[in-house]
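Next up, entry-v6.csv (CSV, C-alpha atoms):
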chain,number,residue,atom,x,y,z
Q,4,MET,CA,-72.1,-42.9,50.7
Q,5,PHE,CA,-72.6,-41.6,47.2
Q,6,ARG,CA,-70.0,-41.8,44.5
Q,7,LYS,CA,-69.7,-40.3,41.1
Q,8,ARG,CA,-66.9,-39.9,38.6
Q,9,ILE,CA,-66.4,-36.5,37.1
Q,10,ASN,CA,-64.7,-36.6,33.7
Q,11,ILE,CA,-63.1,-33.5,32.3
Q,12,SER,CA,-61.5,-32.9,28.9
Q,13,THR,CA,-58.6,-30.5,29.0
Q,14,SER,CA,-57.0,-28.6,26.2
Q,15,HIS,CA,-53.7,-27.1,27.2
Q,16,GLU,CA,-51.0,-26.8,29.9
Q,17,GLY,CA,-51.9,-24.3,32.6
Q,18,GLU,CA,-55.6,-24.6,31.9
Q,19,ILE,CA,-57.7,-24.0,35.1
Q,20,ILE,CA,-61.2,-25.3,35.0
Q,21,ASP,CA,-64.0,-24.4,37.3
Q,22,ILE,CA,-65.6,-27.7,38.3
Q,23,THR,CA,-67.9,-26.2,41.0
Q,24,PRO,CA,-71.1,-26.7,38.9
Q,25,LYS,CA,-70.2,-30.4,38.3
Q,26,VAL,CA,-69.4,-31.0,42.0
Q,27,ALA,CA,-72.6,-29.1,43.0
Q,28,ALA,CA,-74.6,-31.4,40.7
Q,29,ALA,CA,-73.1,-34.5,42.3
Q,30,VAL,CA,-74.0,-33.1,45.7
Q,31,ARG,CA,-77.6,-32.5,44.7
Q,32,GLU,CA,-77.8,-36.0,43.1
Q,33,SER,CA,-76.6,-37.5,46.4
Q,34,ARG,CA,-79.5,-35.8,48.3
Q,35,VAL,CA,-77.1,-35.3,51.3
Q,36,GLN,CA,-78.0,-32.2,53.2
Q,37,GLU,CA,-75.2,-31.9,55.8
Q,38,GLY,CA,-71.9,-33.7,55.1
Q,39,LEU,CA,-68.7,-33.6,53.1
Q,40,VAL,CA,-67.7,-34.0,49.5
Q,41,HIS,CA,-64.3,-35.4,48.8
Q,42,LEU,CA,-62.6,-34.9,45.4
Q,43,PHE,CA,-59.5,-36.8,44.1
Q,44,VAL,CA,-57.9,-36.4,40.7
Q,45,GLN,CA,-56.4,-39.7,39.6
Q,46,HIS,CA,-53.4,-38.2,37.8
Q,47,SER,CA,-49.9,-37.1,38.7
Q,48,THR,CA,-49.8,-34.0,36.4
Q,49,ALA,CA,-53.1,-32.4,37.5
Q,50,ALA,CA,-54.2,-31.0,40.8
Q,51,LEU,CA,-57.2,-29.6,42.8
Q,52,THR,CA,-57.6,-26.4,44.9
Q,53,THR,CA,-60.0,-23.5,45.4
Q,54,ILE,CA,-59.6,-20.0,44.0
Q,55,GLU,CA,-61.6,-17.0,42.9
Q,56,TYR,CA,-62.3,-17.9,39.3
Q,57,GLU,CA,-61.3,-14.6,37.7
Q,58,PRO,CA,-58.9,-14.5,34.7
Q,59,GLY,CA,-56.4,-12.2,36.4
Q,60,VAL,CA,-56.0,-14.5,39.4
Q,61,LEU,CA,-55.6,-17.5,37.2
Q,62,THR,CA,-52.7,-15.8,35.3
Q,63,ASP,CA,-51.1,-14.9,38.6
Q,64,LEU,CA,-51.4,-18.5,39.9
Q,65,ALA,CA,-49.7,-19.8,36.8
Q,66,ARG,CA,-46.9,-17.4,37.2
Q,67,ALA,CA,-46.4,-18.5,40.9
Q,68,LEU,CA,-46.3,-22.1,39.9
Q,69,SER,CA,-43.6,-21.3,37.3
Q,70,VAL,CA,-41.4,-19.8,40.1
Q,71,LEU,CA,-41.5,-23.3,41.7
Q,72,ALA,CA,-41.0,-25.2,38.5
Q,73,PRO,CA,-39.7,-22.9,35.7
Q,74,ASP,CA,-40.3,-23.8,32.0
Q,75,ASN,CA,-36.6,-23.7,31.2
Q,76,GLU,CA,-35.2,-25.7,34.2
Q,77,ASP,CA,-33.3,-28.9,33.5
Q,78,TYR,CA,-35.6,-31.6,34.9
Q,79,ALA,CA,-34.2,-35.0,35.9
Q,80,HIS,CA,-37.5,-36.5,34.9
Q,81,ASN,CA,-37.2,-35.1,31.4
Q,82,ALA,CA,-33.6,-36.3,31.0
Q,83,LYS,CA,-34.7,-39.8,31.8
Q,84,TRP,CA,-38.1,-40.1,30.1
Q,85,GLY,CA,-37.9,-37.4,27.4
Q,86,ASP,CA,-41.6,-36.6,27.8
Q,87,GLY,CA,-40.9,-33.0,28.9
Q,88,ASN,CA,-43.4,-32.9,31.7
Q,89,GLY,CA,-41.0,-32.7,34.7
Q,90,ARG,CA,-42.4,-29.3,35.7
Q,91,SER,CA,-46.0,-30.7,35.6
Q,92,HIS,CA,-45.2,-33.4,38.1
Q,93,VAL,CA,-43.6,-31.0,40.5
Q,94,LYS,CA,-46.4,-28.5,40.4
Q,95,ALA,CA,-49.0,-31.2,40.8
Q,96,ALA,CA,-47.3,-32.7,43.9
Q,97,LEU,CA,-47.1,-29.4,45.6
Q,98,VAL,CA,-50.7,-28.3,45.0
Q,99,GLY,CA,-52.0,-31.8,45.7
Q,100,PRO,CA,-54.7,-34.2,44.3
Q,101,SER,CA,-57.2,-34.1,47.1
Q,102,LEU,CA,-59.8,-31.6,48.4
Q,103,THR,CA,-62.7,-32.0,50.8
Q,104,VAL,CA,-65.5,-29.4,50.9
Q,105,PRO,CA,-68.4,-29.2,53.4
Q,106,ILE,CA,-72.0,-29.6,52.4
Q,107,THR,CA,-74.5,-27.3,54.3
Q,108,GLY,CA,-78.2,-27.2,53.5
Q,109,GLY,CA,-77.8,-29.5,50.6
Q,110,ALA,CA,-75.3,-27.1,48.9
Q,111,LEU,CA,-71.5,-26.7,48.7
Q,112,GLY,CA,-70.1,-24.7,51.6
Q,113,CYS,CA,-67.7,-22.6,49.6
Q,114,GLY,CA,-67.3,-18.9,50.0
Q,115,THR,CA,-68.9,-16.5,47.6
Q,116,TRP,CA,-65.6,-15.9,45.7
Q,117,GLN,CA,-64.3,-19.4,46.1
Q,118,GLN,CA,-64.6,-21.9,43.3
Q,119,ILE,CA,-63.3,-25.5,43.1
Q,120,VAL,CA,-60.8,-25.8,40.3
Q,121,LEU,CA,-59.0,-28.5,38.4
Q,122,LEU,CA,-55.4,-27.5,37.3
Q,123,GLU,CA,-54.3,-29.1,34.1
Q,124,LEU,CA,-50.5,-29.0,34.5
Q,125,ASP,CA,-49.3,-31.4,31.8
Q,126,VAL,CA,-47.3,-30.0,28.9
Q,127,ASN,CA,-49.0,-32.6,26.7
Q,128,ALA,CA,-52.4,-31.1,25.9
Q,129,GLY,CA,-55.8,-32.7,25.3
Q,130,ARG,CA,-56.2,-35.1,28.2
Q,131,GLU,CA,-59.1,-36.8,29.8
Q,132,ARG,CA,-59.1,-36.3,33.5
Q,133,THR,CA,-61.1,-38.3,36.1
Q,134,ILE,CA,-62.0,-36.9,39.5
Q,135,ILE,CA,-63.5,-39.4,41.9
Q,136,CYS,CA,-66.2,-37.6,43.9
Q,137,THR,CA,-67.4,-39.1,47.2
Q,138,VAL,CA,-70.3,-37.7,49.2
Q,139,THR,CA,-70.9,-38.6,52.8
Q,140,GLY,CA,-73.4,-37.3,55.4
Q,141,GLU,CA,-77.1,-37.2,56.1
N,24,MET,CA,-64.2,-47.0,61.0
N,25,PHE,CA,-60.9,-48.8,60.9
N,26,ARG,CA,-57.7,-47.3,62.1
N,27,LYS,CA,-54.1,-48.2,61.8
N,28,ARG,CA,-50.8,-46.5,62.6
N,29,ILE,CA,-48.1,-46.7,59.9
N,30,ASN,CA,-44.6,-46.3,61.3
N,31,ILE,CA,-41.8,-45.4,58.9
N,32,SER,CA,-38.1,-45.1,59.7
N,33,THR,CA,-36.4,-42.4,57.6
N,34,SER,CA,-32.7,-42.0,56.9
N,35,HIS,CA,-32.0,-38.5,55.5
N,36,GLU,CA,-33.3,-35.0,54.7
N,37,GLY,CA,-35.2,-35.0,51.4
N,38,GLU,CA,-36.0,-38.7,51.4
N,39,ILE,CA,-39.2,-39.5,49.7
N,40,ILE,CA,-40.8,-42.8,50.6
N,41,ASP,CA,-43.4,-44.6,48.7
N,42,ILE,CA,-46.0,-45.6,51.3
N,43,THR,CA,-48.6,-46.9,48.8
N,44,PRO,CA,-48.0,-50.6,49.7
N,45,LYS,CA,-48.5,-49.9,53.4
N,46,VAL,CA,-51.7,-47.9,52.8
N,47,ALA,CA,-53.0,-50.5,50.4
N,48,ALA,CA,-52.4,-53.2,53.1
N,49,ALA,CA,-54.3,-51.2,55.7
N,50,VAL,CA,-57.2,-50.8,53.2
N,51,ARG,CA,-57.3,-54.6,52.6
N,52,GLU,CA,-57.2,-55.2,56.3
N,53,SER,CA,-60.2,-52.9,56.8
N,54,ARG,CA,-62.2,-54.9,54.3
N,55,VAL,CA,-63.8,-51.6,53.1
N,56,GLN,CA,-64.8,-51.9,49.4
N,57,GLU,CA,-66.1,-48.4,48.7
N,58,GLY,CA,-64.9,-45.5,50.9
N,59,LEU,CA,-62.1,-43.2,51.8
N,60,VAL,CA,-58.7,-43.6,53.5
N,61,HIS,CA,-57.4,-40.6,55.3
N,62,LEU,CA,-53.7,-40.2,56.2
N,63,PHE,CA,-52.1,-37.8,58.6
N,64,VAL,CA,-48.4,-37.5,59.5
N,65,GLN,CA,-48.0,-36.4,63.1
N,66,HIS,CA,-44.9,-34.3,62.7
N,67,SER,CA,-44.2,-30.7,61.6
N,68,THR,CA,-41.1,-31.5,59.5
N,69,ALA,CA,-42.6,-34.2,57.3
N,70,ALA,CA,-45.5,-34.1,54.7
N,71,LEU,CA,-47.7,-36.2,52.5
N,72,THR,CA,-48.6,-35.9,48.8
N,73,THR,CA,-48.9,-38.0,45.7
N,74,ILE,CA,-46.4,-38.2,42.9
N,75,GLU,CA,-45.1,-40.5,40.2
N,76,TYR,CA,-42.5,-42.4,42.1
N,77,GLU,CA,-39.6,-42.1,39.6
N,78,PRO,CA,-36.1,-41.0,40.7
N,79,GLY,CA,-36.0,-38.0,38.3
N,80,VAL,CA,-39.3,-36.6,39.5
N,81,LEU,CA,-38.2,-36.9,43.1
N,82,THR,CA,-35.0,-34.9,42.4
N,83,ASP,CA,-37.1,-32.3,40.6
N,84,LEU,CA,-39.5,-32.0,43.6
N,85,ALA,CA,-36.6,-31.5,46.0
N,86,ARG,CA,-35.2,-28.7,43.9
N,87,ALA,CA,-38.6,-27.0,43.8
N,88,LEU,CA,-38.9,-27.1,47.5
N,89,SER,CA,-35.5,-25.6,47.8
N,90,VAL,CA,-36.7,-22.6,45.8
N,91,LEU,CA,-39.3,-22.0,48.5
N,92,ALA,CA,-36.9,-22.7,51.4
N,93,PRO,CA,-33.3,-22.5,50.3
N,94,ASP,CA,-30.6,-24.3,52.3
N,95,ASN,CA,-28.5,-21.1,52.8
N,96,GLU,CA,-31.3,-18.8,53.9
N,97,ASP,CA,-31.2,-17.2,57.3
N,98,TYR,CA,-34.1,-18.8,59.1
N,99,ALA,CA,-35.6,-17.0,62.2
N,100,HIS,CA,-36.4,-20.5,63.6
N,101,ASN,CA,-32.7,-21.5,63.4
N,102,ALA,CA,-31.6,-18.2,65.0
N,103,LYS,CA,-33.9,-18.9,68.0
N,104,TRP,CA,-33.6,-22.6,68.5
N,105,GLY,CA,-30.3,-23.5,66.8
N,106,ASP,CA,-31.6,-26.8,65.5
N,107,GLY,CA,-31.1,-25.8,61.9
N,108,ASN,CA,-34.4,-27.2,60.6
N,109,GLY,CA,-36.1,-23.9,59.7
N,110,ARG,CA,-36.4,-24.9,56.1
N,111,SER,CA,-37.9,-28.2,57.1
N,112,HIS,CA,-40.8,-26.6,58.9
N,113,VAL,CA,-41.5,-24.2,56.0
N,114,LYS,CA,-41.6,-27.0,53.4
N,115,ALA,CA,-43.8,-29.2,55.5
N,116,ALA,CA,-46.3,-26.5,56.2
N,117,LEU,CA,-46.7,-25.8,52.4
N,118,VAL,CA,-47.0,-29.4,51.3
N,119,GLY,CA,-49.2,-30.3,54.2
N,120,PRO,CA,-49.7,-33.2,56.6
N,121,SER,CA,-53.0,-34.6,55.4
N,122,LEU,CA,-54.2,-36.6,52.4
N,123,THR,CA,-57.4,-38.4,51.6
N,124,VAL,CA,-57.6,-41.1,48.9
N,125,PRO,CA,-60.8,-42.9,47.6
N,126,ILE,CA,-61.2,-46.7,47.9
N,127,THR,CA,-62.9,-48.3,44.9
N,128,GLY,CA,-63.5,-52.1,44.6
N,129,GLY,CA,-61.5,-52.7,47.8
N,130,ALA,CA,-58.4,-51.0,46.4
N,131,LEU,CA,-56.8,-47.5,46.4
N,132,GLY,CA,-58.2,-45.2,43.7
N,133,CYS,CA,-54.9,-43.7,42.7
N,134,GLY,CA,-53.9,-43.3,39.1
N,135,THR,CA,-51.5,-45.7,37.5
N,136,TRP,CA,-48.5,-43.3,37.8
N,137,GLN,CA,-49.6,-41.8,41.1
N,138,GLN,CA,-48.1,-43.0,44.3
N,139,ILE,CA,-48.6,-41.9,47.9
N,140,VAL,CA,-45.4,-40.5,49.4
N,141,LEU,CA,-44.0,-39.4,52.8
N,142,LEU,CA,-41.6,-36.5,52.5
N,143,GLU,CA,-38.9,-36.6,55.2
N,144,LEU,CA,-37.9,-32.9,55.3
N,145,ASP,CA,-36.0,-32.7,58.6
N,146,VAL,CA,-32.3,-31.9,58.4
N,147,ASN,CA,-31.8,-34.2,61.4
N,148,ALA,CA,-31.8,-37.7,59.9
N,149,GLY,CA,-32.9,-41.0,61.2
N,150,ARG,CA,-36.4,-40.3,62.5
N,151,GLU,CA,-39.4,-42.5,63.3
N,152,ARG,CA,-42.5,-41.1,61.6
N,153,THR,CA,-46.0,-42.0,62.5
N,154,ILE,CA,-48.9,-41.8,60.0
N,155,ILE,CA,-52.4,-42.2,61.3
N,156,CYS,CA,-54.4,-44.1,58.8
N,157,THR,CA,-58.3,-43.9,59.0
N,158,VAL,CA,-60.5,-46.0,56.7
N,159,THR,CA,-64.2,-45.3,56.4
N,160,GLY,CA,-66.8,-46.7,54.1
N,161,GLU,CA,-68.7,-49.9,53.3
K,19,MET,CA,-72.0,-36.0,62.4
K,20,PHE,CA,-71.3,-32.9,64.4
K,21,ARG,CA,-70.8,-29.5,62.9
K,22,LYS,CA,-69.7,-26.2,64.3
K,23,ARG,CA,-68.6,-22.8,62.8
K,24,ILE,CA,-65.4,-21.3,64.1
K,25,ASN,CA,-65.3,-17.6,63.6
K,26,ILE,CA,-61.9,-15.8,63.8
K,27,SER,CA,-61.3,-12.0,63.6
K,28,THR,CA,-58.0,-11.3,61.9
K,29,SER,CA,-56.0,-8.1,62.1
K,30,HIS,CA,-53.3,-8.0,59.4
K,31,GLU,CA,-51.8,-9.6,56.3
K,32,GLY,CA,-49.6,-12.5,57.1
K,33,GLU,CA,-51.2,-13.1,60.5
K,34,ILE,CA,-51.0,-16.8,61.5
K,35,ILE,CA,-53.4,-17.8,64.1
K,36,ASP,CA,-53.2,-21.0,66.2
K,37,ILE,CA,-56.8,-22.4,66.0
K,38,THR,CA,-55.9,-25.7,67.8
K,39,PRO,CA,-57.7,-24.8,71.0
K,40,LYS,CA,-60.9,-23.9,69.2
K,41,VAL,CA,-60.8,-27.1,67.1
K,42,ALA,CA,-60.0,-29.2,70.2
K,43,ALA,CA,-63.0,-27.6,71.9
K,44,ALA,CA,-65.3,-28.5,69.0
K,45,VAL,CA,-64.0,-32.1,69.1
K,46,ARG,CA,-64.7,-32.3,72.9
K,47,GLU,CA,-68.2,-30.9,72.3
K,48,SER,CA,-68.9,-33.5,69.6
K,49,ARG,CA,-68.0,-36.3,72.2
K,50,VAL,CA,-66.4,-38.3,69.3
K,51,GLN,CA,-63.7,-40.5,70.6
K,52,GLU,CA,-62.2,-42.0,67.4
K,53,GLY,CA,-62.8,-40.2,64.1
K,54,LEU,CA,-61.9,-37.3,62.0
K,55,VAL,CA,-62.3,-33.5,62.1
K,56,HIS,CA,-62.5,-31.7,58.8
K,57,LEU,CA,-61.8,-28.0,58.6
K,58,PHE,CA,-62.6,-25.7,55.7
K,59,VAL,CA,-62.0,-21.9,55.5
K,60,GLN,CA,-64.7,-20.3,53.3
K,61,HIS,CA,-62.6,-17.6,51.8
K,62,SER,CA,-60.2,-17.3,48.8
K,63,THR,CA,-57.6,-15.2,50.6
K,64,ALA,CA,-57.1,-17.4,53.7
K,65,ALA,CA,-55.7,-20.9,54.1
K,66,LEU,CA,-55.3,-23.7,56.6
K,67,THR,CA,-52.2,-25.9,57.4
K,68,THR,CA,-50.3,-27.2,60.4
K,69,ILE,CA,-47.0,-25.9,61.7
K,70,GLU,CA,-44.9,-25.6,64.9
K,71,TYR,CA,-46.4,-22.4,66.3
K,72,GLU,CA,-43.2,-20.6,67.1
K,73,PRO,CA,-42.5,-17.0,66.0
K,74,GLY,CA,-39.4,-17.8,64.1
K,75,VAL,CA,-41.1,-20.5,62.0
K,76,LEU,CA,-44.0,-18.2,61.3
K,77,THR,CA,-41.6,-15.5,60.0
K,78,ASP,CA,-39.9,-18.1,57.8
K,79,LEU,CA,-43.2,-19.3,56.4
K,80,ALA,CA,-44.2,-15.8,55.4
K,81,ARG,CA,-40.9,-15.3,53.6
K,82,ALA,CA,-41.4,-18.5,51.6
K,83,LEU,CA,-44.9,-17.5,50.6
K,84,SER,CA,-43.4,-14.2,49.3
K,85,VAL,CA,-41.0,-16.1,47.0
K,86,LEU,CA,-44.1,-17.6,45.3
K,87,ALA,CA,-46.0,-14.3,45.3
K,88,PRO,CA,-43.8,-11.3,45.9
K,89,ASP,CA,-45.2,-8.0,47.2
K,90,ASN,CA,-43.9,-6.0,44.3
K,91,GLU,CA,-45.0,-8.3,41.5
K,92,ASP,CA,-47.4,-7.0,38.8
K,93,TYR,CA,-50.6,-9.0,39.4
K,94,ALA,CA,-53.2,-9.4,36.7
K,95,HIS,CA,-55.8,-9.5,39.4
K,96,ASN,CA,-54.8,-6.2,40.7
K,97,ALA,CA,-54.7,-4.6,37.3
K,98,LYS,CA,-58.3,-5.7,36.7
K,99,TRP,CA,-59.9,-5.1,40.1
K,100,GLY,CA,-57.6,-2.7,41.8
K,101,ASP,CA,-58.0,-4.3,45.2
K,102,GLY,CA,-54.3,-5.1,45.5
K,103,ASN,CA,-54.7,-8.6,46.9
K,104,GLY,CA,-53.5,-10.6,43.9
K,105,ARG,CA,-50.7,-12.1,46.0
K,106,SER,CA,-53.2,-13.1,48.6
K,107,HIS,CA,-55.2,-15.2,46.2
K,108,VAL,CA,-52.1,-17.0,44.8
K,109,LYS,CA,-50.8,-17.9,48.3
K,110,ALA,CA,-54.2,-19.1,49.5
K,111,ALA,CA,-54.7,-21.4,46.4
K,112,LEU,CA,-51.3,-23.0,46.9
K,113,VAL,CA,-51.6,-23.6,50.7
K,114,GLY,CA,-55.3,-24.7,50.3
K,115,PRO,CA,-58.5,-24.2,52.3
K,116,SER,CA,-59.0,-27.7,53.6
K,117,LEU,CA,-57.5,-29.8,56.3
K,118,THR,CA,-58.5,-33.1,58.0
K,119,VAL,CA,-57.1,-34.2,61.3
K,120,PRO,CA,-57.6,-37.5,63.1
K,121,ILE,CA,-59.3,-37.8,66.5
K,122,THR,CA,-57.8,-40.4,68.9
K,123,GLY,CA,-59.0,-41.0,72.4
K,124,GLY,CA,-61.3,-38.0,72.2
K,125,ALA,CA,-58.5,-35.6,71.4
K,126,LEU,CA,-56.8,-34.2,68.3
K,127,GLY,CA,-54.1,-36.5,66.8
K,128,CYS,CA,-51.6,-33.8,66.1
K,129,GLY,CA,-47.9,-34.2,66.9
K,130,THR,CA,-46.5,-32.4,70.0
K,131,TRP,CA,-45.0,-29.6,67.9
K,132,GLN,CA,-47.8,-29.5,65.3
K,133,GLN,CA,-50.5,-26.8,65.6
K,134,ILE,CA,-53.4,-26.1,63.3
K,135,VAL,CA,-53.2,-22.6,61.9
K,136,LEU,CA,-55.3,-20.2,59.9
K,137,LEU,CA,-53.3,-18.0,57.5
K,138,GLU,CA,-54.7,-14.6,57.0
K,139,LEU,CA,-53.3,-13.7,53.6
K,140,ASP,CA,-55.4,-10.7,52.5
K,141,VAL,CA,-53.7,-7.3,52.2
K,142,ASN,CA,-56.9,-5.7,53.5
K,143,ALA,CA,-56.8,-6.2,57.2
K,144,GLY,CA,-59.4,-6.8,59.9
K,145,ARG,CA,-61.5,-9.6,58.4
K,146,GLU,CA,-64.0,-12.0,59.9
K,147,ARG,CA,-63.1,-15.5,58.8
K,148,THR,CA,-65.4,-18.5,59.1
K,149,ILE,CA,-64.1,-22.1,59.3
K,150,ILE,CA,-66.6,-24.9,59.0
K,151,CYS,CA,-65.7,-27.7,61.3
K,152,THR,CA,-67.2,-31.1,60.7
K,153,VAL,CA,-66.6,-34.0,63.2
K,154,THR,CA,-67.3,-37.6,62.2
K,155,GLY,CA,-66.7,-40.9,64.0
K,156,GLU,CA,-67.7,-42.9,67.1

Output the file's structure in the form of structure tokens.
Amino acid sequence: MFRKRINISTSHEGEIIDITPKVAAAVRESRVQEGLVHLFVQHSTAALTTIEYEPGVLTDLARALSVLAPDNEDYAHNAKWGDGNGRSHVKAALVGPSLTVPITGGALGCGTWQQIVLLELDVNAGRERTIICTVTGE
Amino acid sequence: MFRKRINISTSHEGEIIDITPKVAAAVRESRVQEGLVHLFVQHSTAALTTIEYEPGVLTDLARALSVLAPDNEDYAHNAKWGDGNGRSHVKAALVGPSLTVPITGGALGCGTWQQIVLLELDVNAGRERTIICTVTGE
Amino acid sequence: MFRKRINISTSHEGEIIDITPKVAAAVRESRVQEGLVHLFVQHSTAALTTIEYEPGVLTDLARALSVLAPDNEDYAHNAKWGDGNGRSHVKAALVGPSLTVPITGGALGCGTWQQIVLLELDVNAGRERTIICTVTGE
């Protein structure tokens, strides 16, 4: 088992960051040829998924998440804590913090148009995010 | 590999249960120091995710799920089976039954404000839910 | 570690295919008795989840996904690329490409009413989809 922490500095709510190169580097460093890489973001206002990393798609994804958790909704979390990130928590819980990707031939088994992304969902910008990366296999 | 079944009694639709202590106990029992814990809920009207376990956020999450699957929608599942839990199936399929969390230093690698939760989504209350917990690592 | 590629031919947008028999066959072929099976769909307009495979529920799930990404929305992806599948990318990113299911007693640890499904979300029909299936355990 090989483990590495991937640290990402984010700048604004709704930022979507392509972390595929960093995950691919961790896989190479592990020297695993056939196996799995598990990713977990240790925060309740960020999430992980895969997407075609193209500006239009990223805009469309942000809009869809706003259907679930609109900006102008009255959030019970905000009423209680006053930090204004109720919508961030909701979006993150629905997308999820965890992703596992296969490794084949020493490389990530993603599709050609399929990148691994970190979603910065917090309204409070400029965060440091940690993703725990665990590689298993042979 | 260490395996344990976690059994949870639920009481009502929309209940969100913090299962972090039970998962942490299984991890301790496994004696794994560095590894992964996989969780899978064996039901099609329940789901697993992580969230800050704070009453406001839980209310906000329930509202967001109702945007996807409103209470007063006409569900094809209900029309066919008459059990009234069409919305429960839809929500569960979108949140998902599976979650993997890293283990670091013999403990769960969740963030400080990030708890592991079971979502009871069925309209028919008072269910016994089984989560299969699988620990791998060293 | 045992690995197998599952290839699925799809026919139309919104098609939901029960892949449980194919995954169960891969698990049997692996001879693993207690372990995990990881599934990953190598495409950005398809997704994996579990659901009760009943026609009513499948209709209800499709409707819920259309709340997130309506057919008649103006998608930035479509404006740029003209391939009309902006909604497909959004839905796939939210449901996710990855699923892990436990193996117990040599069989899949799904619930009785819980099937593993591939969601074909692309508007352009008739695709070949590849799912990488990885079995680990004892």

Practice task
Can you check which residues of chain N have any atom within 7 Å of chain K? Use all atoms listed in the file and format it as number ranges by chain.
Solution key: N: 63, 65-67, 91-92, 98-100, 103, 109, 112-113, 116-117, 119, 121

Exercise for the section: Can you work out which one of Q:Ala95, Q:Leu111, Q:Val26, Q:Ile134 has the shortest atom-to-atom distance to Thr48 (chain Q), counting only C-alpha atoms? Expected result: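 Between Q:Ala95, Q:Leu111, Q:Val26, Q:Ile134, the residue approaching Thr48 (chain Q) most closely is Q:Ala95.
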
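In this structure, CA of Glu16 (chain Q) sits 10.7 Å away from CA of Arg90 (chain Q).
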
Completion exercise
Taken to one decimal, the CA of Arg145 (chain K)-CA of Asp89 (chain K) distance is 19.8 Å

Please determine an axis-aligned box that encloses all atoms of region 91-109 of chain N listed in the file, with 8 Å added on each side, and express its centre and edge lengths in Å to one decimal as JSON.
{"center_x": -33.9, "center_y": -22.1, "center_z": 58.5, "size_x": 26.8, "size_y": 26.2, "size_z": 36.0}

Handout entry: Distance query Ala110 (chain Q) at most 8 Å, only C-alpha atoms, self and fewer than 5 positions along chain excluded, as a list of chain:residue names
Key = Q:Ala27, Q:Val30, Q:Arg31, Q:Gln36

Exercise for the section: Measuring atom to atom with all atoms listed in the file, identify which of N:Ala70, N:Val55, N:Val158, N:Ala102 is nearest to Glu143 (chain N). Expected result: N:Ala70

Problem - Separation of CA of Gly37 (chain N) from CA of Leu137 (chain K) in Å - result: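 Separating CA of Leu137 (chain K) from CA of Gly37 (chain N) is a distance of 25.6 Å.
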
Practice task
Could you give me, as a list in words, the residues within 8 Å of Ala148 (chain N), counting all atoms listed in the file and dropping anything in the same chain fewer than 5 positions from it?
Solution key: Thr33, Ser34, His35 and Glu36 of chain N

Using the selection just defined, write its residues with C-alpha atoms as a PDB file, in the coordinates of the input.
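Generated file (result.pdb):
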ATOM      1  CA  THR N  33     -36.400 -42.400  57.600  1.00  0.00           C
ATOM      2  CA  SER N  34     -32.700 -42.000  56.900  1.00  0.00           C
ATOM      3  CA  HIS N  35     -32.000 -38.500  55.500  1.00  0.00           C
ATOM      4  CA  GLU N  36     -33.300 -35.000  54.700  1.00  0.00           C
TER       5      GLU N  36
END

Exercise for the section: List the neighbours of Ile119 (chain Q) out to 6 Å using all atoms listed in the file; skip same-chain residues closer than 2 positions along the sequence, and give me the result as a list in words. Expected result: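 With the cut-off at 6 Å, the set is Asp21, Ile22, Thr23 and Thr53 of chain Q.
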
Exercise for the section: Go ahead and find all residues with at least one atom no further than 9 Å from (-68.8, -41.0, 45.8) in the file's coordinates, using all atoms listed in the file; report them as a list in words. Expected result: Met4, Phe5, Arg6, Lys7, Arg8, Ala29, Ser33, Val40, His41, Leu42, Ile135, Cys136, Thr137, Val138 and Thr139 of chain Q; Glu57, Gly58 and Pro125 of chain N
